[in-house]
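So this block is coords13.cif, mmCIF, C-alpha atoms:
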```
data_upload
#
loop_
_atom_site.label_atom_id
_atom_site.label_comp_id
_atom_site.auth_asym_id
_atom_site.auth_seq_id
_atom_site.Cartn_x
_atom_site.Cartn_y
_atom_site.Cartn_z
CA MET A 1 -2.32 1.42 11.69
CA THR A 2 -1.42 2.26 15.27
CA THR A 3 -3.43 4.56 17.53
CA LEU A 4 -0.58 7.09 17.45
CA GLU A 5 -0.56 7.07 13.64
CA LEU A 6 -4.32 7.61 13.56
CA GLN A 7 -4.02 10.53 15.98
CA GLN A 8 -1.26 12.08 13.88
CA LEU A 9 -3.30 11.75 10.67
CA ASN A 10 -6.46 13.14 12.26
CA SER A 11 -4.56 16.19 13.47
CA LEU A 12 -3.22 17.03 10.00
CA ASP A 13 -4.67 19.54 7.60
CA ALA A 14 -3.56 20.45 4.10
CA SER A 15 -2.94 24.00 5.34
CA ASP A 16 -0.11 22.63 7.52
CA PHE A 17 1.97 22.07 4.37
CA ASN A 18 3.69 24.38 1.89
CA HIS A 19 1.40 24.95 -1.06
CA THR A 20 1.86 27.29 -4.00
CA PRO A 21 -0.82 27.05 -6.71
CA CYS A 22 0.50 25.68 -10.03
CA TYR A 23 3.74 24.41 -8.48
CA CYS A 24 2.62 20.89 -7.58
CA GLU A 25 6.08 19.40 -8.14
CA GLU A 26 7.59 21.64 -5.47
CA ASN A 27 4.59 21.19 -3.18
CA VAL A 28 4.97 17.41 -3.25
CA TYR A 29 8.75 17.69 -2.72
CA PHE A 30 8.28 19.57 0.55
CA LEU A 31 5.26 17.48 1.53
CA CYS A 32 7.44 14.35 1.41
CA LYS A 33 10.10 16.03 3.50
CA LYS A 34 7.59 17.10 6.13
CA LEU A 35 5.94 13.67 6.31
CA CYS A 36 9.39 12.23 7.02
CA SER A 37 10.36 14.84 9.58
CA ASN A 38 7.13 14.69 11.58
CA GLY A 39 7.06 10.90 11.81
CA ILE A 40 4.03 10.29 9.60
CA ALA A 41 6.32 8.54 7.13
CA ASP A 42 9.56 6.63 7.51
CA ALA A 43 12.44 8.96 8.32
CA GLN A 44 14.07 8.20 4.95
CA GLY A 45 10.79 8.27 3.04
CA SER A 46 11.02 4.60 2.09
CA ASP A 47 7.22 4.25 2.24
CA LEU A 48 6.56 7.30 0.05
CA PHE A 49 6.23 7.54 -3.72
CA VAL A 50 5.95 10.68 -5.82
CA VAL A 51 3.52 10.19 -8.70
CA PHE A 52 3.46 12.44 -11.75
CA ILE A 53 0.31 12.27 -13.88
CA SER A 54 0.27 13.37 -17.53
CA ASN A 55 0.03 12.10 -21.11
CA ASP A 56 1.29 12.75 -24.63
CA ASN A 57 -1.02 15.73 -25.09
CA LYS A 58 -0.45 17.29 -21.67
CA GLN A 59 -4.22 17.22 -21.05
CA ILE A 60 -5.40 15.19 -18.08
CA PRO A 61 -8.84 15.53 -16.46
CA LEU A 62 -8.92 15.07 -12.69
CA TRP A 63 -11.95 15.50 -10.44
CA HIS A 64 -12.31 17.09 -6.97
CA GLN A 65 -9.58 19.64 -7.58
CA LYS A 66 -9.69 22.88 -5.59
CA ALA A 67 -8.67 24.98 -8.59
CA SER A 68 -11.78 23.95 -10.53
CA ASN A 69 -14.75 26.28 -10.94
CA ARG A 70 -17.15 23.39 -11.51
CA ALA A 71 -19.35 21.69 -8.93
CA ASP A 72 -17.74 18.31 -9.60
CA GLY A 73 -14.26 19.80 -9.23
CA VAL A 74 -13.03 18.58 -12.60
CA ILE A 75 -10.11 20.41 -14.18
CA LEU A 76 -7.82 19.79 -17.14
CA TRP A 77 -4.20 19.87 -15.94
CA ASP A 78 -1.15 19.62 -18.18
CA TYR A 79 0.39 17.52 -15.44
CA HIS A 80 -0.10 16.92 -11.74
CA ALA A 81 2.01 15.52 -8.89
CA ILE A 82 0.86 13.71 -5.77
CA CYS A 83 2.37 11.54 -3.05
CA ILE A 84 1.24 7.98 -2.33
CA GLN A 85 2.18 6.38 0.97
CA ARG A 86 2.47 2.61 0.93
CA LYS A 87 1.04 0.87 3.97
CA ARG A 88 1.99 -2.66 5.01
CA ASP A 89 0.05 -5.50 6.63
CA GLY A 90 -3.17 -4.81 4.79
CA ASP A 91 -3.49 -1.17 5.85
CA THR A 92 -4.96 1.28 3.35
CA HIS A 93 -2.49 3.03 1.03
CA LEU A 94 -2.87 6.81 1.31
CA VAL A 95 -2.84 9.61 -1.26
CA TRP A 96 -1.54 13.03 -0.26
CA ASP A 97 -2.81 15.61 -2.77
CA LEU A 98 -2.66 19.21 -1.63
CA ASP A 99 -4.84 20.30 -4.54
CA SER A 100 -7.67 17.87 -3.82
CA SER A 101 -10.95 18.62 -2.04
CA LEU A 102 -11.21 14.99 -0.91
CA PRO A 103 -10.16 13.99 2.63
CA PHE A 104 -6.48 14.64 3.37
CA PRO A 105 -4.94 12.12 3.19
CA CYS A 106 -7.30 10.03 1.09
CA PRO A 107 -7.43 6.22 0.75
CA LEU A 108 -5.93 5.21 -2.58
CA ALA A 109 -9.04 3.30 -3.71
CA THR A 110 -11.24 6.33 -3.00
CA TYR A 111 -8.85 8.70 -4.76
CA VAL A 112 -8.74 6.51 -7.86
CA SER A 113 -12.51 6.12 -8.05
CA GLU A 114 -13.33 9.77 -7.28
CA THR A 115 -10.42 11.72 -8.80
CA VAL A 116 -9.13 9.54 -11.62
CA ARG A 117 -12.47 7.86 -12.39
CA PRO A 118 -11.11 5.09 -14.64
CA SER A 119 -14.66 3.89 -15.29
CA PHE A 120 -15.51 7.23 -16.93
CA GLN A 121 -15.33 6.86 -20.70
CA LEU A 122 -12.73 9.32 -22.00
CA PHE A 123 -11.39 9.95 -25.48
CA SER A 124 -7.96 8.37 -25.89
CA GLU A 125 -6.21 11.75 -25.89
CA PHE A 126 -7.29 12.27 -22.28
CA GLN A 127 -6.05 8.96 -20.88
CA ARG A 128 -3.91 9.44 -17.76
CA PHE A 129 -0.50 7.83 -17.24
CA PHE A 130 1.42 7.70 -13.98
CA ARG A 131 5.15 8.00 -13.40
CA VAL A 132 5.84 6.47 -9.98
CA VAL A 133 9.15 7.53 -8.40
CA HIS A 134 10.42 6.32 -5.02
CA ALA A 135 10.55 9.41 -2.79
CA PRO A 136 14.14 8.95 -1.52
CA ILE A 137 15.35 8.92 -5.13
CA PHE A 138 13.16 11.87 -6.08
CA LEU A 139 14.34 13.97 -3.13
CA CYS A 140 17.97 13.41 -4.17
CA HIS A 141 17.62 14.08 -7.89
CA PHE A 142 14.74 16.50 -8.49
CA ALA A 143 15.52 20.12 -9.40
CA SER A 144 13.51 23.06 -10.69
CA ASP A 145 14.50 26.64 -11.44
CA ARG A 146 10.88 27.35 -12.50
CA ARG A 147 11.77 28.26 -16.08
CA HIS A 148 8.66 26.43 -17.26
CA MET A 149 6.52 29.01 -15.44
CA LYS A 150 7.72 31.98 -17.50
CA ASP A 151 6.28 33.13 -20.80
CA SER A 152 8.27 34.07 -23.89
CA GLU A 153 8.90 37.55 -22.47
CA GLY A 154 10.16 36.26 -19.14
CA ASN A 155 7.04 37.06 -17.14
CA TRP A 156 5.66 34.65 -14.56
CA THR A 157 2.53 32.78 -15.66
CA ALA A 158 1.81 32.07 -11.98
CA GLN A 159 3.35 33.72 -8.93
CA PRO A 160 6.30 31.58 -7.76
CA PRO A 161 7.03 30.44 -4.21
CA THR A 162 9.00 32.82 -2.04
CA TYR A 163 11.64 30.27 -1.03
CA GLU A 164 14.75 29.42 -3.04
CA THR A 165 14.55 27.10 -6.02
CA ILE A 166 15.24 23.38 -5.53
CA VAL A 167 18.72 22.19 -6.57
CA ALA A 168 19.49 18.48 -6.85
CA GLU A 169 22.27 16.85 -4.84
CA ASP A 170 24.38 16.55 -8.01
CA GLY A 171 24.02 20.28 -8.66
CA SER A 172 21.35 20.06 -11.37
CA VAL A 173 19.16 23.15 -11.40
CA HIS A 174 16.29 22.00 -13.62
CA ASN A 175 15.12 18.56 -14.69
CA LEU A 176 11.35 18.76 -14.23
CA ASN A 177 10.77 17.89 -17.88
CA GLU A 178 12.35 14.48 -17.27
CA TYR A 179 9.51 13.67 -14.88
CA ILE A 180 6.53 15.21 -16.66
CA GLU A 181 7.28 13.87 -20.14
CA ILE A 182 5.01 10.83 -19.93
CA HIS A 183 3.91 8.94 -23.01
CA ALA A 184 1.65 5.99 -23.77
CA ALA A 185 4.65 4.18 -25.26
CA ASP A 186 6.38 4.31 -21.85
CA VAL A 187 3.68 2.30 -20.11
CA GLY A 188 4.43 -1.25 -19.00
CA LYS A 189 1.81 -3.56 -20.49
CA ASN A 190 1.71 -5.68 -17.34
CA LEU A 191 3.17 -5.64 -13.85
CA PRO A 192 5.97 -8.20 -13.69
CA ALA A 193 8.14 -8.40 -10.61
CA ASP A 194 10.96 -6.54 -12.33
CA LEU A 195 8.70 -3.53 -12.93
CA THR A 196 7.54 -3.29 -9.33
CA SER A 197 11.12 -3.68 -8.11
CA ALA A 198 12.52 -1.22 -10.68
CA VAL A 199 10.75 1.65 -8.92
CA TYR A 200 13.34 1.35 -6.13
CA SER A 201 16.31 1.86 -8.43
CA GLN A 202 15.28 3.94 -11.45
CA LYS A 203 15.89 7.69 -11.24
CA HIS A 204 12.69 8.43 -13.13
CA GLY A 205 10.72 5.54 -11.70
CA VAL A 206 8.30 3.51 -13.80
CA VAL A 207 5.28 4.48 -15.92
CA ILE A 208 1.96 2.69 -15.53
CA GLY A 209 -1.58 3.13 -16.80
CA GLU A 210 -4.55 4.28 -14.76
CA ALA A 211 -6.00 0.77 -14.58
CA GLN A 212 -2.74 -0.47 -13.05
CA LEU A 213 -2.34 2.04 -10.23
CA GLU A 214 -4.03 0.14 -7.40
CA GLU A 215 -2.59 -3.19 -8.53
CA PHE A 216 0.91 -1.70 -8.63
CA PHE A 217 0.76 -0.60 -5.00
CA SER A 218 -0.69 -3.91 -3.93
CA GLN A 219 2.33 -5.69 -5.44
CA ILE A 220 5.27 -3.55 -4.35
CA SER A 221 6.96 -4.79 -1.18
#
```
Whole structure, structure tokens version:
Amino acid sequence: MTTLELQQLNSLDASDFNHTPCYCEENVYFLCKKLCSNGIADAQGSDLFVVFISNDNKQIPLWHQKASNRADGVILWDYHAICIQRKRDGDTHLVWDLDSSLPFPCPLATYVSETVRPSFQLFSEFQRFFRVVHAPIFLCHFASDRRHMKDSEGNWTAQPPTYETIVAEDGSVHNLNEYIEIHAADVGKNLPADLTSAVYSQKHGVVIGEAQLEEFFSQIS
């Protein structure tokens, strides 16, 4: 990592980015755009990956989350979305999570051990799965009209952002469910070369297990 890159990272704070509680998918969308525009990431976002975390039951425990009321920061999300920045030449991969109380950004290994805690024995219904989508693909195709944040009577379950909804380049207005529907059956059992290369071409990326996350980013080129 160059001296300039270090200076840029040290000058960043999570408050510099758009953040609306309970709208992590939109937060990560604009985070990726800003990282590209301010030079922290490649201009096209080729080094960025959007990662959705969920499971069949829509119950995933994550630690060190700002929304938690517990001392250890654990909370049970239905899904969560973060950005992982791939670093080359042995540099540390970085996690950008606007909802985390860990350093911002956080080294991937630290984030996995402190937030995901794969060594913590969980019941099978709480296992976390990760949909990894290459950011340039995500920024082209993602759309949300926030319908999932309204109850049966049309009331907001959480106050929405003040900016306009995100529309995909093809005109789609809502496809969030295509990203957050993540099931154990979707997980690749190993990490062959075709899986790590597929992330660069598949609209909805690839799904991996929590024990594969660090290995996946060590293998992608």
Could you pull the residues within 8 Å of Asp47 (chain A), counting all atoms listed in the file, minus those fewer than 4 positions along the same chain, as a PyMOL selection string?
chain A and resi 41-42+85-87+135
Evaluated on this file, the PyMOL selection byres ((chain A and resi 36) around 12) picks out some residues - which ones are they, written as a list in words?
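When the PyMOL selection byres ((chain A and resi 36) around 12) is applied, the selected residues are Tyr29, Phe30, Leu31, Cys32, Lys33, Lys34, Leu35, Ser37, Asn38, Gly39, Ile40, Ala41, Asp42, Ala43, Gln44, Gly45, Ser46, Asp47, Leu48, Gln85, Ala135, Pro136 and Leu139 of chain A.
In this comparison, which uses all atoms listed in the file, the residue of A:Gln212, A:Gln202, A:Ser144, A:Asn27 approaching Ile82 (chain A) most closely is A:Asn27.
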Residues returned when the PyMOL selection byres ((chain A and resi 131) around 8) runs on this file, as a VMD selection string:
chain A and resid 51 to 53 129 to 130 132 to 133 179 182 204 to 208
With only C-alpha atoms as the atoms that count, which of A:His174, A:His134, A:His93, A:Arg117 lies nearest to Trp63 (chain A)?
A:Arg117
Taking all atoms listed in the file into account, which of A:Leu76, A:Ser197, A:Asp145, A:Ser218 comes nearest Asn55 (chain A)?
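Among A:Leu76, A:Ser197, A:Asp145, A:Ser218, it is A:Leu76 that comes nearest to Asn55 (chain A).
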So which one's closest to Pro105 (chain A), A:Ala143, A:Leu12, A:Val187, A:Val50? Using only C-alpha atoms, please.
A:Leu12
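Residue nearest Phe49 (chain A) within the list A:Asp194, A:Cys83, A:Lys66, A:Thr157: A:Cys83 [criterion: smallest interatomic distance, all atoms listed in the file].
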Restricting the calculation to all atoms listed in the file: of A:Asn177, A:Arg146, A:Phe217, A:Lys203, which residue gets closest to Thr162 (chain A)?
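Ranked by minimum distance to Thr162 (chain A), first place goes to A:Arg146.
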Rounded to one decimal in Å, what is the spacing between CA of Leu108 (chain A) and CA of Gly73 (chain A)?
18.1 Å
Test item: the PyMOL selection byres ((chain A and resi 169) around 9) resolved as a count of residues only:
10
One-decimal distance in Å that lies between CA of His80 (chain A) and CA of Cys24 (chain A):
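Between CA of Cys24 (chain A) and CA of His80 (chain A) the gap is 6.4 Å.
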Build an axis-aligned box that encloses every atom of region 103-113 of chain A listed in the file, pad it by 3 Å on each side, and report its centre and edge lengths in Å to one decimal, as lines of an AutoDock Vina configuration file.
```
center_x = -8.7
center_y = 9.0
center_z = -2.3
size_x = 13.6
size_y = 17.3
size_z = 17.4
```
Here CA of Thr92 (chain A) and CA of Phe104 (chain A) stand apart by 13.4 Å
Write out as a ChimeraX atom specification each polymer residue whose atoms come within 10 Å of Pro118 (chain A), counting all atoms listed in the file; drop sequence neighbours fewer than 2 positions from it.
/A:112-116,120-122,127-128,209-211
